[in-house]
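Novice: One structure, as structure tokens, below. Some questions next.
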Amino acid sequence: MTARKSPRRREVLDVLRAAPSPLGVAETAERIGVHPNTVRFHLDALVAEGLVERRAEVSSGPGRPRTVYTARPGMDRGGTRDYRLLARILLSRWASADPATARTEAMETGRAWGGFLVEPPPPFEEPTAGRSVAALLALLSELGFAPRPEGADGTGGPPRRIRLRHCPFLELAEEHAQVVCPLHLGLMQGALARLDAPLTATGLEPFADPDSCVAHLAETTAV
């Protein structure tokens with residue numbers, strides 16, 4: 001359990017941050033009003049998390065030096081995160097542009113990231129549709145799309161469709177489908193291009209069924 005999820009651990013950290021000088025276990029426990037063993041447990045955890053420093057205080061007399069604790073300086077990382085709001089802010093600006101321009105820019109961005117997120121095939125390896133689709137499915141699975149290939153002709157050829165049973169950006173796609181869905185399509189196109197695949201993603205049907213979207217694949221024409 002991290003400081004972000006443990007109210008007591010968070011309280012110990014707040015006490016250390018507010019203290020003008022390092023505190024020992026007994027002092028920290030007294031300020032919170034709990035048993036020193038409880039504080040010691042949370043201090044050990046905070047040290048392990050890298051949020052608190054532990055050191056032996058220089059002693060001016062005989063006896064063992066006192067162990068004291070101080071909060072590490074830096075931005076508080078225990079607060080609330082809201083990346084979804086950030087995404088909404090950025091997407092709203094993009095979506096307010098001309099629809100055709102927004103779609104084009106979203107697809108170009110998706111292609112660039114799709115090419116970045118996959119490893120190209122080794123030199124002198126002839127790309128095949130099967131290996132390319134397998135790599136694309138692995139990427140989509142890693143990103144959380146829960147892909148399922150469909151429409152293979154039964155002769156060992158590649159699937160003609162990929163059903164996406166989960167959208168990791170569902171709420172954003174529902175609000176800004178005109179940007180998010182082209183971004184997804186571009187992502188697949190960019191990945192397949194980076195793989196030198198003999199096929200590409202030709203289209204994406206957002207919410208083709210109530211529980212999924214469908215991406216369509218087709219062979220590319222050799223130049």
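A note on labels: chains of the structure tokens are A, B, ... as shown, every chain counts residues from 1, and ligands are counted from 1 in their shown order.
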Excluding Leu199 of chain A and residues on its chain fewer than 2 positions from it, collect all residues at most 10 Å away from it, counting only C-alpha atoms, and give them as a list in words.
Specialist: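 Listed by chain and then number, they are Thr128, Ala129, Gly130, Ser132, Val133, Pro158, Arg160, Gln189, Leu192, Ala193, Leu195, Asp196, Ala197, Ala201, Thr202, Leu217, Ala218, Glu219, Thr220, Thr221 and Ala222 of chain A.
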Novice: Those same residues - N, CA, C and O atoms - I'd like them written as an mmCIF file, in the first residue's frame.
Specialist:
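Listed below is the output, out.cif:
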```
data_model
loop_
_atom_site.group_PDB
_atom_site.id
_atom_site.type_symbol
_atom_site.label_atom_id
_atom_site.label_comp_id
_atom_site.auth_asym_id
_atom_site.auth_seq_id
_atom_site.Cartn_x
_atom_site.Cartn_y
_atom_site.Cartn_z
ATOM 1 N N THR A 128 5.607 -10.940 -43.850
ATOM 2 C CA THR A 128 4.429 -11.695 -44.265
ATOM 3 C C THR A 128 3.202 -11.108 -43.590
ATOM 4 O O THR A 128 3.297 -10.470 -42.537
ATOM 5 N N ALA A 129 2.054 -11.367 -44.214
ATOM 6 C CA ALA A 129 0.810 -10.868 -43.643
ATOM 7 C C ALA A 129 0.578 -11.472 -42.264
ATOM 8 O O ALA A 129 0.144 -10.786 -41.328
ATOM 9 N N GLY A 130 0.872 -12.761 -42.117
ATOM 10 C CA GLY A 130 0.639 -13.432 -40.845
ATOM 11 C C GLY A 130 1.455 -12.837 -39.711
ATOM 12 O O GLY A 130 0.931 -12.555 -38.624
ATOM 13 N N SER A 132 2.867 -9.910 -39.641
ATOM 14 C CA SER A 132 2.506 -8.500 -39.452
ATOM 15 C C SER A 132 1.232 -8.360 -38.632
ATOM 16 O O SER A 132 1.143 -7.527 -37.719
ATOM 17 N N VAL A 133 0.237 -9.185 -38.939
ATOM 18 C CA VAL A 133 -1.015 -9.127 -38.190
ATOM 19 C C VAL A 133 -0.786 -9.557 -36.743
ATOM 20 O O VAL A 133 -1.344 -8.976 -35.811
ATOM 21 N N PRO A 158 -4.505 -13.869 -44.201
ATOM 22 C CA PRO A 158 -4.697 -12.994 -43.036
ATOM 23 C C PRO A 158 -6.171 -12.718 -42.791
ATOM 24 O O PRO A 158 -7.003 -12.851 -43.694
ATOM 25 N N ARG A 160 -9.530 -10.506 -42.363
ATOM 26 C CA ARG A 160 -10.002 -9.316 -43.082
ATOM 27 C C ARG A 160 -10.488 -8.234 -42.138
ATOM 28 O O ARG A 160 -10.663 -7.087 -42.544
ATOM 29 N N GLN A 189 -2.397 1.813 -39.054
ATOM 30 C CA GLN A 189 -1.720 2.010 -40.341
ATOM 31 C C GLN A 189 -0.229 2.258 -40.158
ATOM 32 O O GLN A 189 0.599 1.706 -40.893
ATOM 33 N N LEU A 192 1.570 -1.043 -39.186
ATOM 34 C CA LEU A 192 1.720 -1.961 -40.314
ATOM 35 C C LEU A 192 2.741 -1.433 -41.323
ATOM 36 O O LEU A 192 3.499 -2.213 -41.912
ATOM 37 N N ALA A 193 2.781 -0.117 -41.500
ATOM 38 C CA ALA A 193 3.778 0.453 -42.404
ATOM 39 C C ALA A 193 5.190 0.237 -41.860
ATOM 40 O O ALA A 193 6.120 -0.085 -42.613
ATOM 41 N N LEU A 195 6.135 -2.144 -40.048
ATOM 42 C CA LEU A 195 6.427 -3.576 -40.168
ATOM 43 C C LEU A 195 6.649 -4.006 -41.615
ATOM 44 O O LEU A 195 6.904 -5.186 -41.864
ATOM 45 N N ASP A 196 6.554 -3.049 -42.551
ATOM 46 C CA ASP A 196 6.635 -3.364 -43.987
ATOM 47 C C ASP A 196 5.620 -4.424 -44.370
ATOM 48 O O ASP A 196 5.877 -5.318 -45.199
ATOM 49 N N ALA A 197 4.454 -4.354 -43.758
ATOM 50 C CA ALA A 197 3.421 -5.370 -43.967
ATOM 51 C C ALA A 197 2.848 -5.282 -45.377
ATOM 52 O O ALA A 197 2.727 -4.190 -45.936
ATOM 53 N N ALA A 201 -4.567 -1.179 -42.751
ATOM 54 C CA ALA A 201 -5.914 -0.961 -42.224
ATOM 55 C C ALA A 201 -6.593 0.084 -43.099
ATOM 56 O O ALA A 201 -6.095 1.201 -43.239
ATOM 57 N N THR A 202 -7.691 -0.308 -43.701
ATOM 58 C CA THR A 202 -8.360 0.581 -44.660
ATOM 59 C C THR A 202 -9.493 1.382 -44.036
ATOM 60 O O THR A 202 -9.939 2.375 -44.618
ATOM 61 N N LEU A 217 -9.010 -4.729 -42.837
ATOM 62 C CA LEU A 217 -7.683 -4.895 -43.408
ATOM 63 C C LEU A 217 -7.783 -5.274 -44.866
ATOM 64 O O LEU A 217 -8.741 -5.926 -45.300
ATOM 65 N N ALA A 218 -6.797 -4.867 -45.651
ATOM 66 C CA ALA A 218 -6.733 -5.230 -47.064
ATOM 67 C C ALA A 218 -5.287 -5.268 -47.492
ATOM 68 O O ALA A 218 -4.441 -4.546 -46.939
ATOM 69 N N GLU A 219 -4.992 -6.127 -48.467
ATOM 70 C CA GLU A 219 -3.645 -6.217 -48.996
ATOM 71 C C GLU A 219 -3.271 -4.944 -49.722
ATOM 72 O O GLU A 219 -4.113 -4.289 -50.343
ATOM 73 N N THR A 220 -2.009 -4.577 -49.635
ATOM 74 C CA THR A 220 -1.515 -3.400 -50.352
ATOM 75 C C THR A 220 -1.016 -3.838 -51.717
ATOM 76 O O THR A 220 -0.586 -4.974 -51.919
ATOM 77 N N THR A 221 -1.050 -2.915 -52.634
ATOM 78 C CA THR A 221 -0.591 -3.202 -53.995
ATOM 79 C C THR A 221 0.903 -2.985 -54.058
ATOM 80 O O THR A 221 1.419 -1.917 -53.682
ATOM 81 N N ALA A 222 1.635 -3.989 -54.529
ATOM 82 C CA ALA A 222 3.091 -3.871 -54.653
ATOM 83 C C ALA A 222 3.438 -2.829 -55.704
ATOM 84 O O ALA A 222 2.798 -2.729 -56.747
#
```
Novice: Considering only strand (DSSP E or B) as DSSP defines it on the backbone, what residues of segment 4-205 of chain A qualify? List them as a list in words.
Specialist: Leu23, Val52, Glu53, Arg54, Arg55, Ala56, Thr67, Val68, Tyr69, Thr70, Ala71, Pro147, Arg148, Pro149, Glu150, Arg161, Ile162, Arg163, Leu164, Leu199, Thr200, Ala201, Thr202, Gly203, Leu204 and Glu205 of chain A
Novice: Determine which residues of chain A receive a DSSP assignment of alpha helix (DSSP H), computed from the backbone, and state them as a ChimeraX atom specification.
Specialist: /A:7-18,25-32,36-49,83-95,99-116,129-143,170-175,177-194
